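Visitor: Have a look at this one before I ask anything.
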Amino acid sequence: MKFTETKLAGAFIVDVDERNDDRGFFARTFCQNEFAAHGLKTAIAQTNMSFNHAAGTLRGMHFQFPPAAETKFIRCPLGALHDVIVDLRPESATYRQHVGVELTAHNHRALYIPERFGHGFITLVDNTVASYQVGEFYVPGLEGGLRYDDPDLDIDWPRVPTVISDKDRSWAPLAAQRATIEAQMVAS
């Protein structure tokens, strides 16, 4: 695997190292030793999948507060999506900054998301699947979210969202949550 750190410390784009032959290719998509060598957490509490019927489906921007803050390792085994992460670590030099990465069935790319990050994506084509390994169990009382169209985040989505859940539409902008986020998103 090839690990490329994004401008957000601890967040990595992970590309596969394909071994090609006349059958196709073989590639490792996860290895505890390689993740640990890059200082990444290797615990997997859950593996989740979402199927999205329509292009333009937006999911996010989700996170969990400590002590249930999650690492995520996401890829797109079918279709294509634009994945966005937001650094919510108050002590970070890149606090409130974001990165977007295109994950597709064709590029086999994955994104490692550290704890205390907001996460969301928009599908670029119909019938897209997102698959992600999560380092902590889901805890409803510790979940949070950000507005996908928050002007303070200024996320440049590659297309207009056409399908969004009521819950994702209802998240407050970062400015309205900043004191709570800064108080609760402390490093443990």
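In the structure tokens, chains take letters A, B, ... by order of appearance, with residues numbered from 1 within each chain and ligands from 1 in the order shown.
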What are the nearest atom pairs, with distances in Å to one decimal, for all residues of range 65-110 of chain A that come at most 9 Å from range 149-164 of chain A, using only C-alpha atoms, set out by chain and rising residue number as JSON lines?
Guide:
```
{"residue": "A:His82", "atom": "CA", "partner": "A:Pro158", "partner_atom": "CA", "distance": 7.5}
{"residue": "A:Val84", "atom": "CA", "partner": "A:Ile155", "partner_atom": "CA", "distance": 8.1}
{"residue": "A:Val86", "atom": "CA", "partner": "A:Leu153", "partner_atom": "CA", "distance": 8.3}
{"residue": "A:Arg96", "atom": "CA", "partner": "A:Leu153", "partner_atom": "CA", "distance": 6.9}
{"residue": "A:Gln97", "atom": "CA", "partner": "A:Leu153", "partner_atom": "CA", "distance": 7.1}
{"residue": "A:His98", "atom": "CA", "partner": "A:Ile155", "partner_atom": "CA", "distance": 7.4}
{"residue": "A:Val99", "atom": "CA", "partner": "A:Ile155", "partner_atom": "CA", "distance": 8.6}
{"residue": "A:Gly100", "atom": "CA", "partner": "A:Ile155", "partner_atom": "CA", "distance": 8.4}
```
Visitor: I'd like to know which residues of range 15-92 of chain A are alpha helix (DSSP H) (by DSSP, run on the backbone); could you write them as a ChimeraX atom specification?
Guide: /A:32-37
Visitor: Please determine, counting only C-alpha atoms, which residue among A:Pro173, A:Pro90, A:Gly56, A:Gly144 has the shortest atom-to-atom distance to Val125 in chain A.
Guide: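 Smallest distance to Val125 in chain A is found for A:Gly56.
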Visitor: One number please: CA of Ala37 in chain A to CA of Ala9 in chain A, in Å, one decimal.
Guide: 15.3 Å
Visitor: With only C-alpha atoms as the basis for distance, which of A:Phe121, A:Tyr112, A:Tyr138, A:Trp171 is at the shortest distance from Phe30 in chain A?
Guide: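 Counting only C-alpha atoms, the residue closest to Phe30 in chain A is A:Tyr112.
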Visitor: When distances are computed from only C-alpha atoms, which of A:Asp166, A:Ala130, A:Thr94, A:Ala176 shows the smallest separation from Thr6 in chain A?
Guide: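 When distances to Thr6 in chain A are compared using only C-alpha atoms, the smallest one comes from A:Thr94.
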Visitor: Please run DSSP on the backbone and report, as number ranges by chain, all residues within range 28-171 of chain A that come out as strand (DSSP E or B).
Guide: A: 46-52, 57-64, 72-78, 80-87, 98-104, 110-113, 117-123, 128-134, 143-145, 163-164
Visitor: Any chance you can output those residues with C-alpha atoms as a CSV table (one decimal), in the first residue's frame?
Guide:
```
chain,number,residue,atom,x,y,z
A,46,GLN,CA,-17.4,-2.1,13.0
A,47,THR,CA,-17.5,-2.3,9.2
A,48,ASN,CA,-20.2,-0.3,7.6
A,49,MET,CA,-21.6,0.0,4.1
A,50,SER,CA,-24.0,2.4,2.4
A,51,PHE,CA,-25.7,1.9,-0.9
A,52,ASN,CA,-26.8,5.0,-2.7
A,57,THR,CA,-26.7,11.7,-2.7
A,58,LEU,CA,-25.0,13.4,0.2
A,59,ARG,CA,-24.2,11.8,3.5
A,60,GLY,CA,-22.6,13.9,6.3
A,61,MET,CA,-20.9,15.7,7.8
A,62,HIS,CA,-20.8,13.2,10.7
A,63,PHE,CA,-18.5,12.7,13.7
A,64,GLN,CA,-18.6,11.3,17.3
A,72,LYS,CA,-12.6,5.6,9.7
A,73,PHE,CA,-11.0,3.9,6.7
A,74,ILE,CA,-13.3,4.4,3.7
A,75,ARG,CA,-13.3,3.2,0.1
A,76,CYS,CA,-15.7,3.0,-2.8
A,77,PRO,CA,-16.0,-0.6,-4.2
A,78,LEU,CA,-18.8,0.3,-6.6
A,80,ALA,CA,-17.7,6.9,-7.4
A,81,LEU,CA,-17.9,9.4,-4.6
A,82,HIS,CA,-16.3,12.6,-3.5
A,83,ASP,CA,-15.3,12.2,0.2
A,84,VAL,CA,-14.7,15.2,2.5
A,85,ILE,CA,-13.1,15.4,5.9
A,86,VAL,CA,-12.9,18.4,8.3
A,87,ASP,CA,-10.4,18.7,11.1
A,98,HIS,CA,-11.0,20.3,5.0
A,99,VAL,CA,-9.8,18.0,2.3
A,100,GLY,CA,-11.8,16.4,-0.5
A,101,VAL,CA,-10.7,13.1,-2.2
A,102,GLU,CA,-12.3,11.2,-5.1
A,103,LEU,CA,-12.8,7.6,-4.3
A,104,THR,CA,-13.9,5.3,-7.1
A,110,ALA,CA,-9.1,4.7,0.3
A,111,LEU,CA,-9.0,7.5,2.9
A,112,TYR,CA,-7.9,7.0,6.5
A,113,ILE,CA,-9.7,9.5,8.7
A,117,PHE,CA,-12.8,14.7,12.2
A,118,GLY,CA,-16.1,15.4,10.5
A,119,HIS,CA,-16.8,13.2,7.5
A,120,GLY,CA,-19.2,13.1,4.6
A,121,PHE,CA,-19.5,12.3,0.9
A,122,ILE,CA,-21.5,12.9,-2.2
A,123,THR,CA,-22.1,10.3,-4.8
A,128,THR,CA,-22.6,3.9,-5.5
A,129,VAL,CA,-21.4,1.9,-2.5
A,130,ALA,CA,-19.3,3.3,0.3
A,131,SER,CA,-17.6,0.8,2.6
A,132,TYR,CA,-15.8,1.8,5.8
A,133,GLN,CA,-14.1,0.3,8.7
A,134,VAL,CA,-14.7,2.2,12.0
A,143,GLU,CA,-22.9,11.7,17.6
A,144,GLY,CA,-22.6,15.1,16.0
A,145,GLY,CA,-22.7,16.7,12.6
A,163,VAL,CA,-30.7,13.6,-2.0
A,164,ILE,CA,-30.1,14.5,1.6
```
Visitor: Please, what distance in Å, to one decimal, runs between CA of Gln177 in chain A and CA of Arg89 in chain A?
Guide: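 Going from CA of Gln177 in chain A over to CA of Arg89 in chain A, I get 13.5 Å.
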Visitor: With distances taken over only C-alpha atoms, which residue among A:Gln32, A:Asp126, A:Gly135, A:Thr4 lies nearest Ala45 in chain A?
Guide: A:Gly135
Visitor: Rounded to one decimal, what separation in Å do you get between CA of Gly10 in chain A and CA of Ala179 in chain A?
Guide: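 Interatomic distance, CA of Gly10 in chain A to CA of Ala179 in chain A: 23.6 Å.
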Visitor: Excluding Ala69 in chain A and any residue of its chain fewer than 2 positions from it, enumerate the residues within 6 Å of it, using only C-alpha atoms, and give them as a count of residues only.
Guide: 6
